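Engineer: Below is one structure. I have some questions about it.
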Protein chains: 2
Amino acid sequence: MAAAASSSISSATPPRTFPISRITSSKLLPHYQLHLQRRFTQNPNISISFPSNSTHKPPLIVCSSSSSGEPLRRPRPDYIPNRIPDPNYVRIFDTTLRDGEQSPGATLTSKEKIDIARQLSKLGVDIIEAGFPAASKDDFEAVKTIAKEVGNEVDGDGYVPVICGLSRCNENDIRTAWEAVKYAKRARIHTFIATSGIHMEYKLRKSKEEVVEIARSMVKFARSLGCDDVEFSPEDAGRSDREFLYHILGEVIKAGATTLNIPDTVGITLPSEFGKLIADIKANTAGIDDVIISTHCQNDLGLSTANTLAGAYAGARQLEVTINGIGERAGNASLEEVVMAIKCRGEHILGGLYTGINPRHITMTSKMVEEYTGLQVQPHKAIVGANAFAHESGIHQDGMLKHKSTYEIISPEDIGLERSNDAGIVLGKLSGRHALKDRLTELGYDLNDEQLSTIFWRFKAVAETKKRVTDADLIALVSDEVFQPEIVWKLADLQVACGTLGLSTATVKLFSADGEEHVACSVGSGPVDAGYKAVDLIVKERVELLEYSLIAVTEGIDAIATTRVLIRGESDHTSTHALTGEPFQRTFSGSGAGMDIVVSSVKAYIGALNKMLALKQ
Amino acid sequence: MAAAASSSISSATPPRTFPISRITSSKLLPHYQLHLQRRFTQNPNISISFPSNSTHKPPLIVCSSSSSGEPLRRPRPDYIPNRIPDPNYVRIFDTTLRDGEQSPGATLTSKEKIDIARQLSKLGVDIIEAGFPAASKDDFEAVKTIAKEVGNEVDGDGYVPVICGLSRCNENDIRTAWEAVKYAKRARIHTFIATSGIHMEYKLRKSKEEVVEIARSMVKFARSLGCDDVEFSPEDAGRSDREFLYHILGEVIKAGATTLNIPDTVGITLPSEFGKLIADIKANTAGIDDVIISTHCQNDLGLSTANTLAGAYAGARQLEVTINGIGERAGNASLEEVVMAIKCRGEHILGGLYTGINPRHITMTSKMVEEYTGLQVQPHKAIVGANAFAHESGIHQDGMLKHKSTYEIISPEDIGLERSNDAGIVLGKLSGRHALKDRLTELGYDLNDEQLSTIFWRFKAVAETKKRVTDADLIALVSDEVFQPEIVWKLADLQVACGTLGLSTATVKLFSADGEEHVACSVGSGPVDAGYKAVDLIVKERVELLEYSLIAVTEGIDAIATTRVLIRGESDHTSTHALTGEPFQRTFSGSGAGMDIVVSSVKAYIGALNKMLALKQ
């Protein structure tokens with residue numbers, strides 16, 4: 001069952017259906033079928049279909065009016081920068097790697113960025129904003145690699161994501177962005193300048209006329225480099241003077257912009273307001289019908305998803321979002337919420353809108369971003385939170401069955417999540433390398449032989465201690481091995497004594513990159529402090545520990561726990577902030593997993609140090 | 001500065017203002033004042049005022065049109081169950097203790113419930129849904145105690161929260177609810193029955209006519225007990241047949257209901273739809289003008305805040321919310337988002353709406369609920385997330401100054417949050433008991449002498465190790481001591497050895513309630529596993545560890561870390577689920593704080609065991 005579910009991930013597109021999977025056939029007496037049919041077909045949003053005309057398969061609630069049976073997922077229209085052949089198609093622009101990565105502590109290495117970009121491409125994102133190339137050499141290189149690799153992987157349907165680079169409105173930024181993205185099959189430059197009173201006065205110290213002239217000439221400059229796909233954003237549009245906004249947008253359209261992105265930079269608008277802003281721009285801007293309108297909503301009042309949908313309803317056909325809704329302050333509209341809302345209600349409530357996203361990859365993408373950025377989602381996060389499909393544990397089984405069908409609007413399988421009790425295959429100490437490899441493939445991991453060997457060895461060690469090795473255990477082990485930065489320092493051994501009597505003591509043995517062995521011991525205020533101080537004695541990097549957290553990924557006292565740390569080094573790891581233009585210090589996250597939390601804590605610390613040292617080199 | 005800010009928490013009501021506190025006076029040249037004034041007054045939503053007509057104090061952005069200078073917080077109108085004297089006043093109904101508490105793992109003890117209820121009263125919540133009294137004896141007692149205590153604490157302005165108890169539509173539930181809430185000065189019974197096709201068919205197995213008859217007679221029954229404040233909810237209203245909905249609502253109004261709550265039980269509606277649902281009910285239900293319409297929005301698509309606001313705009317004058325947005329699955333609309341959106345935009349965008357909430361208590365309430373329920377909020381949670389007011393650390397100071405003024409719509413101080421670098425007072429090893437007490441009072445904790453002594457002793461121990469003892473350290477220590485369940489077992493000593501060589505070993509010494517000493521040792525797969533197994537050898541309760549997490553609450557390697565665990569015991573801890581009517585097993589959370597994570601992990605486990613044993617007795 002699990003195998004079937006997973007194999008369909010990579011091949012078929014799921015129908016837009018909501019199986020009442022928990023109502024077993026025996027409970028579905030024929031008159032209930034009739035009643036169900038009557039109830040739901042009275043609601044114009046929902047129809048119901050009975051597979052193979054029998055009561056032995058669960059009925060499907062089809063979340064749309066289409067009852068003709070044709071596949072509901074439409075083909076993705078051809079990509080033309082300033083125009084979408086199908087007026088109902090909405091492009092999804094993911095800025096996890098740019099806006100999301102600028103969240104405190106979310107710094108990603110180039111390798112992590114490429115992994116995420118590849119996963120976004122699997123998900124079917126139309127445009128990947130891969131970074132802000134002028135921020136630092138490392139940012140530039142990451143965007144360039146994504147453009148070269150992910151930006152050239154065309155799938156069977158001709159789909160390949162647009163790779164986009166952000167730039168301020170100056171020649172250097174724009175040239176740098178182009179140098180990074182130009183290798184992609186579809187390359188876009190996204191440039192922005194603030195247009196609200198407060199921003200023009202305080203940040204830019206420029207007049208309206210100066211701002212218009214800069215915007216116009218910089219869009220022209222971007223086009224002159226050979227880029228035919230140029231996005232322009234009037235920053236803080238939500239607080240900008242309307243007439244000025246229409247004017248500057250009209251001017252950049254004349255200058256060659258193909259997408260106009262309207263950001264609610266401070267997250268202050270309500271959905272009705274934001275929808276009206278988009279509608280007003282559509283109605284009053286000269287030349288607007290020749291370009292795509294886009295939304296970019298911050299979440300400061302918790303309204304980013306609603307604002308984004310209001311924008312789409314009012315005519316925006318590109319929506320800027322991030323995975324898990326990460327981003328500065330309260331983050332951005334989250335891809336999973338926006339996409340699932342359009343999937344569930346686009347047909348009727350939003351005038352027939354649809355996206356090209358394959359939601360089956362949402363869960364894996366969410367986990368990868370959580371893992372790499374260290375920004376954990378809360379249990380009650382919509383769509384991807386741990387509780388999103390859970391109810392109070394231990395609920396009576398029959399109640400659970402009724403419950404699911406009556407309270408669930410999205411099936412977990414739709415977003416690639418398997419219920420833990422559906423797992424089907426459980427690995428144990430007798431499972432071989434082949435079974436492990438199969439399961440990992442089903443979970444979406446493509447490992448090379450060396451990685452598989454390491455995981456297999458660790459899997460065996462866990463299986464010796466635990467009766468059942470669950471998917472969550474496996475994912476934690478893979479994260480610990482595969483989602484790790486390049487190794488500079490490696491933990492060989494650790495020995496700790498601690499307790500309420502104080503004088504926690506740790507001894508560590510590390511290998512340096514050249515294989516040399518280093519041993520040090522230290523006391524500390526607790527076992528982790530002692531371990532970290534011992535590591536410091538060897539690595540000799542001055543860092544500050546900003547955050548430390550630990551979470552058990554599996555149930556049971558013998559669970560595997562994942563530790564995450566966030567550190568900040570000396571001031572040589574600086575980058576330029578896209579919005580403020582100010583330099584800021586990068587921070588680095590590290591994670592470690594294992595059954596001994598002190599060991600995993602020390603591994604996480606070494607991981608963060610390695611990430612920092614890798615960027616330094 | 002910190003002292004001044006805190007003292008105002010307990011007394012004054014803050015004006016609806018947003019200080020540009022980061023622009024120092026020297027930067028505010030007179031012509032900038034003029035420009036600022038011009039910019040902002042062009043935006044009808046925002047005006048600007050300059051305190052004492054000088055450049056030496058920061059200007060205030062006033063988030064409303066009122067520039068006359070009168071206090072913007074209006075007095076709370078008198079409480080009449082079915083009518084609000086001021087048509088713009090919106091009641092806030094908090095269901096953290098009922099809907100929130102039914103989240104997986106969020107089980108609260110009676111003491112915790114009373115603490116939260118008292119905090120909700122401080123916050124100014126109009127109605128506190130204190131629980132579902134028919135669920136279990138413990139639930140009944142908790143609601144009764146809240147009604148007796150919090151429901152009788154009338155403040156100087158005559159404010160006292162309504163205490164509400166939930167009940168299904170049957171005589172036993174309603175009588176039980178009344179027996180629990182009747183001690184409150186203002187007591188309310190909230191009864192509900194499902195009205196959607198799928199729910200009536202599958203959950204109730206009743207016809208429309210039967211459902212109407214039950215609702216009508218049960219509302220009458222509630223009134224007959226002497227309760228003049230009866231709320232009725234048609235469960236799954238969002239998916240109910242419209243005409244049927246108008247009919248049943250009209251019938252319960254005739255039967256004596258004073259508030260009609262419209263839940264979007266499965267969180268499937270979009271804001272425009274939900275607003276229309278409320279407007280339609282208002283337009284088509286007989287007698288609707290004599291009752292209050294309420295909203296209750298689940299968050300499955302991330303739209304609960306927007307839906308709630310759309311409901312208010314369409315005429316709802318009671319909004320059901322929870323602190324931090326907790327609740328089953330993706331939770332409910334969160335109080336802080338709804339309240340702050342109304343505070344920021346109610347005046348203009350929502351037709352002049354306002355609430356009686358004092359947002360200064362939001363941060364403390366959020367922390368208390370997070371602590372007691374064990375449901376942590378994500379860093380990018382709007383309003384109360386750790387990053388909500390943070391930007392990438394280490395940003396250049398001047399950039400930070402400009403940044404704050406240009407990117408922040410709510411000041412952290414508005415919600416009772418102090419920026420860490422504003423703390424002003426930092427305690428150290430030389431600080432005395434008096435300084436500690438003062439700081440704790442400023443932070444909102446009222447401790448008795450015994451509690452203070454314990455905290456002081458632990459504070460000294462921390463101060464010996466750390467240079468600066470921050471507010472976060474203090475809050476963690478207070479949580480560890482004060483937010484603990486009744487003590488059944490107490491940790492005396494713990495000693496651990498562990499490391500990469502395996503064979504983690506722990507020895508624990510516990511005191512039982514009668515003061516007897518018990519010692520046991522065990523090996524485990526890690527130090528925590530070893531510690532828990534040693535505790536199990538003494539306590540002899542069969543429990544399952546469901547979740548384990550640990551987070552450092554303060555920066556630095558010598559930080560204090562808080563551990564949280566969630567356990568489930570044998571099947572004797574059952575309760576009745578409000579919506580399904582099915583029994584379910586309770587789960588129990590525990591937390592421990594300290595500089596040694598192994599010690600705090602064992603303390604958390606003992607805390608959870610104590611919580612479970614306390615409910616058992």
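Following the order of the structure tokens, chains are lettered A, B, ..., residues in each are numbered from 1, and ligands are numbered from 1.
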Using DSSP on the backbone coordinates, identify all residues within region 84-203 of chain B classified as strand (DSSP E); present the result as a ChimeraX atom specification.

Structural biologist: /B:91-94,127-131,162-168,187-194

Engineer: If you count only C-alpha atoms, which residues fall within 12 Å of Arg242 (chain A), apart from same-chain ones fewer than 3 positions away, as a ChimeraX atom specification?

Structural biologist: /A:195-197,234,236-239,245-249,276-285 /B:42-43

Engineer: Env of Ala492 (chain B): 7 Å cut, atoms = only C-alpha atoms, seq-sep filter 5 positions within chain, self excluded. Answer as a short mmCIF file (atom, residue, chain, number, x, y, z; two decimals) with N, CA, C and O atoms, in the first residue's frame.

Structural biologist:
data_model
loop_
_atom_site.label_atom_id
_atom_site.label_comp_id
_atom_site.auth_asym_id
_atom_site.auth_seq_id
_atom_site.Cartn_x
_atom_site.Cartn_y
_atom_site.Cartn_z
N LYS B 509 17.86 9.42 42.34
CA LYS B 509 17.32 9.35 43.69
C LYS B 509 16.06 10.21 43.70
O LYS B 509 16.11 11.39 43.36
N LEU B 510 14.91 9.61 44.03
CA LEU B 510 13.64 10.35 44.07
C LEU B 510 13.09 10.34 45.50
O LEU B 510 13.31 9.39 46.25
N PHE B 511 12.35 11.41 45.83
CA PHE B 511 11.56 11.42 47.06
C PHE B 511 10.10 11.19 46.69
O PHE B 511 9.58 11.83 45.78
#

Engineer: Go through B:Gly124, B:Gln119, B:Ser136, B:Leu204 and flag the residue nearest Tyr445 (chain B), using only C-alpha atoms for the distances.

Structural biologist: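 Once distances to Tyr445 (chain B) are computed over only C-alpha atoms, the minimum belongs to B:Gln119.
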
Engineer: Which value, in Å to one decimal, gives the distance between CA of Ser522 (chain A) and CA of Asp529 (chain B)?

Structural biologist: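 About the pair CA of Ser522 (chain A) and CA of Asp529 (chain B): they are 24.2 Å apart.
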
Engineer: Leaving out Glu149 (chain B) and any residue of its chain fewer than 3 positions from it, which residues lie within 10 Å of it when counting only C-alpha atoms, given as an NGL selection string?

Structural biologist: :B and (114 or 117-118 or 143-146 or 152-153 or 183-185)

Engineer: Give me the residues within 8 Å of Gly256 (chain A) as an MDAnalysis selection string, counting only C-alpha atoms and dropping any in the same chain fewer than 6 places off.

Structural biologist: chainID A and resid 219:220 223 230

Engineer: Which residue, B:Pro412, B:Gly267, B:Gly131, B:Pro85, has the smallest gap to chain A when you use only C-alpha atoms?

Structural biologist: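 Nearest candidate to chain A out of B:Pro412, B:Gly267, B:Gly131, B:Pro85: B:Gly267.
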
Engineer: Between B:Phe459, B:Trp178, B:Tyr89, B:Tyr548, which residue has the minimum interatomic distance to chain A, considering only C-alpha atoms?

Structural biologist: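 Counting only C-alpha atoms, the residue closest to chain A is B:Tyr548.
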
Engineer: Hey, which of B:Arg564, B:Arg98, B:Lys182, B:Lys111 ends up closest to Glu371 (chain B)? Count only C-alpha atoms.

Structural biologist: B:Arg564

Engineer: At most 12 Å is the cut-off: for each residue in region 201-248 of chain A with any atom that close to an atom of region 161-174 of chain A, write down the nearest atom pair and the distance in Å rounded to one decimal, counting only C-alpha atoms, chain first then increasing number, as JSON lines.

Structural biologist:
{"residue": "A:Leu204", "atom": "CA", "partner": "A:Cys169", "partner_atom": "CA", "distance": 11.1}
{"residue": "A:Glu210", "atom": "CA", "partner": "A:Cys169", "partner_atom": "CA", "distance": 11.9}
{"residue": "A:Val211", "atom": "CA", "partner": "A:Cys169", "partner_atom": "CA", "distance": 9.5}
{"residue": "A:Val212", "atom": "CA", "partner": "A:Cys169", "partner_atom": "CA", "distance": 10.8}
{"residue": "A:Glu213", "atom": "CA", "partner": "A:Cys169", "partner_atom": "CA", "distance": 10.5}
{"residue": "A:Ile214", "atom": "CA", "partner": "A:Cys169", "partner_atom": "CA", "distance": 6.8}
{"residue": "A:Ala215", "atom": "CA", "partner": "A:Cys169", "partner_atom": "CA", "distance": 6.5}
{"residue": "A:Arg216", "atom": "CA", "partner": "A:Cys169", "partner_atom": "CA", "distance": 9.5}
{"residue": "A:Ser217", "atom": "CA", "partner": "A:Cys169", "partner_atom": "CA", "distance": 8.9}
{"residue": "A:Met218", "atom": "CA", "partner": "A:Cys169", "partner_atom": "CA", "distance": 5.9}
{"residue": "A:Val219", "atom": "CA", "partner": "A:Cys169", "partner_atom": "CA", "distance": 8.2}
{"residue": "A:Lys220", "atom": "CA", "partner": "A:Glu171", "partner_atom": "CA", "distance": 10.5}
{"residue": "A:Phe221", "atom": "CA", "partner": "A:Glu171", "partner_atom": "CA", "distance": 7.3}
{"residue": "A:Ala222", "atom": "CA", "partner": "A:Ile174", "partner_atom": "CA", "distance": 6.4}
{"residue": "A:Arg223", "atom": "CA", "partner": "A:Ile174", "partner_atom": "CA", "distance": 10.1}
{"residue": "A:Ser224", "atom": "CA", "partner": "A:Ile174", "partner_atom": "CA", "distance": 10.8}
{"residue": "A:Leu225", "atom": "CA", "partner": "A:Ile174", "partner_atom": "CA", "distance": 9.2}
{"residue": "A:Gly226", "atom": "CA", "partner": "A:Ile174", "partner_atom": "CA", "distance": 11.8}
{"residue": "A:Cys227", "atom": "CA", "partner": "A:Ile174", "partner_atom": "CA", "distance": 10.5}
{"residue": "A:Asp228", "atom": "CA", "partner": "A:Val162", "partner_atom": "CA", "distance": 11.9}
{"residue": "A:Asp229", "atom": "CA", "partner": "A:Cys164", "partner_atom": "CA", "distance": 9.1}
{"residue": "A:Val230", "atom": "CA", "partner": "A:Cys164", "partner_atom": "CA", "distance": 9.1}
{"residue": "A:Glu231", "atom": "CA", "partner": "A:Cys164", "partner_atom": "CA", "distance": 9.0}
{"residue": "A:Phe232", "atom": "CA", "partner": "A:Cys169", "partner_atom": "CA", "distance": 9.4}
{"residue": "A:Ser233", "atom": "CA", "partner": "A:Arg168", "partner_atom": "CA", "distance": 9.9}
{"residue": "A:Pro234", "atom": "CA", "partner": "A:Cys169", "partner_atom": "CA", "distance": 10.7}
{"residue": "A:Glu235", "atom": "CA", "partner": "A:Arg168", "partner_atom": "CA", "distance": 10.6}

Engineer: For Gly325 (chain B), list every protein, DNA or RNA residue within 8 Å, evaluated using only C-alpha atoms, and leave out those in the same chain fewer than 3 positions away; present the list as a list in words.

Structural biologist: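 Close residues of Gly325 (chain B): His380 of chain A; Gly100, Val321, Thr322, Gly331, Asn332, Ala333, Ser334 and Leu335 of chain B.
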
Engineer: Mind dumping the selected residues with all heavy atoms as an mmCIF file, in the first residue's frame?

Structural biologist:
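Listed below is the output, again-v7.cif:
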data_model
loop_
_atom_site.group_PDB
_atom_site.id
_atom_site.type_symbol
_atom_site.label_atom_id
_atom_site.label_comp_id
_atom_site.auth_asym_id
_atom_site.auth_seq_id
_atom_site.Cartn_x
_atom_site.Cartn_y
_atom_site.Cartn_z
ATOM 1 N N HIS A 380 0.394 23.070 14.900
ATOM 2 C CA HIS A 380 -0.900 23.395 14.312
ATOM 3 C C HIS A 380 -0.757 24.245 13.056
ATOM 4 O O HIS A 380 -1.696 24.917 12.656
ATOM 5 C CB HIS A 380 -1.829 24.052 15.335
ATOM 6 C CG HIS A 380 -1.232 25.208 16.073
ATOM 7 N ND1 HIS A 380 -0.167 25.093 16.923
ATOM 8 C CD2 HIS A 380 -1.563 26.511 16.101
ATOM 9 C CE1 HIS A 380 0.125 26.275 17.428
ATOM 10 N NE2 HIS A 380 -0.695 27.153 16.941
ATOM 11 N N GLY B 100 -8.911 24.641 22.396
ATOM 12 C CA GLY B 100 -7.450 24.556 22.433
ATOM 13 C C GLY B 100 -6.966 23.368 23.235
ATOM 14 O O GLY B 100 -6.059 22.645 22.828
ATOM 15 N N VAL B 321 -11.925 32.609 19.381
ATOM 16 C CA VAL B 321 -10.501 32.517 19.061
ATOM 17 C C VAL B 321 -9.777 31.745 20.161
ATOM 18 O O VAL B 321 -10.353 31.474 21.209
ATOM 19 C CB VAL B 321 -9.886 33.934 18.964
ATOM 20 C CG1 VAL B 321 -10.413 34.700 17.758
ATOM 21 C CG2 VAL B 321 -10.147 34.743 20.242
ATOM 22 N N THR B 322 -8.522 31.392 19.895
ATOM 23 C CA THR B 322 -7.685 30.817 20.952
ATOM 24 C C THR B 322 -6.341 31.537 20.970
ATOM 25 O O THR B 322 -5.910 32.090 19.958
ATOM 26 C CB THR B 322 -7.403 29.304 20.732
ATOM 27 O OG1 THR B 322 -6.697 29.144 19.499
ATOM 28 C CG2 THR B 322 -8.671 28.476 20.713
ATOM 29 N N GLY B 331 -5.753 24.106 14.092
ATOM 30 C CA GLY B 331 -6.137 25.080 15.109
ATOM 31 C C GLY B 331 -7.212 26.058 14.681
ATOM 32 O O GLY B 331 -7.881 25.888 13.649
ATOM 33 N N ASN B 332 -7.376 27.085 15.500
ATOM 34 C CA ASN B 332 -8.417 28.105 15.341
ATOM 35 C C ASN B 332 -7.805 29.442 14.956
ATOM 36 O O ASN B 332 -6.588 29.597 14.960
ATOM 37 C CB ASN B 332 -9.129 28.287 16.689
ATOM 38 C CG ASN B 332 -9.933 27.072 17.074
ATOM 39 O OD1 ASN B 332 -11.044 26.885 16.609
ATOM 40 N ND2 ASN B 332 -9.350 26.219 17.909
ATOM 41 N N ALA B 333 -8.661 30.415 14.735
ATOM 42 C CA ALA B 333 -8.193 31.786 14.565
ATOM 43 C C ALA B 333 -7.478 32.181 15.848
ATOM 44 O O ALA B 333 -7.920 31.839 16.942
ATOM 45 C CB ALA B 333 -9.374 32.708 14.319
ATOM 46 N N SER B 334 -6.346 32.880 15.737
ATOM 47 C CA SER B 334 -5.634 33.207 16.958
ATOM 48 C C SER B 334 -6.034 34.581 17.456
ATOM 49 O O SER B 334 -6.161 35.538 16.692
ATOM 50 C CB SER B 334 -4.130 33.066 16.790
ATOM 51 O OG SER B 334 -3.631 33.961 15.875
ATOM 52 N N LEU B 335 -6.243 34.639 18.759
ATOM 53 C CA LEU B 335 -6.676 35.882 19.404
ATOM 54 C C LEU B 335 -5.768 37.037 19.029
ATOM 55 O O LEU B 335 -6.236 38.112 18.651
ATOM 56 C CB LEU B 335 -6.706 35.686 20.929
ATOM 57 C CG LEU B 335 -7.192 36.885 21.738
ATOM 58 C CD1 LEU B 335 -8.044 36.426 22.926
ATOM 59 C CD2 LEU B 335 -6.082 37.783 22.232
#

Engineer: Mind pulling up the distance from CA of Val125 (chain A) to CA of Gly156 (chain A)?

Structural biologist: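 One can read the CA of Gly156 (chain A) to CA of Val125 (chain A) distance as 15.6 Å.
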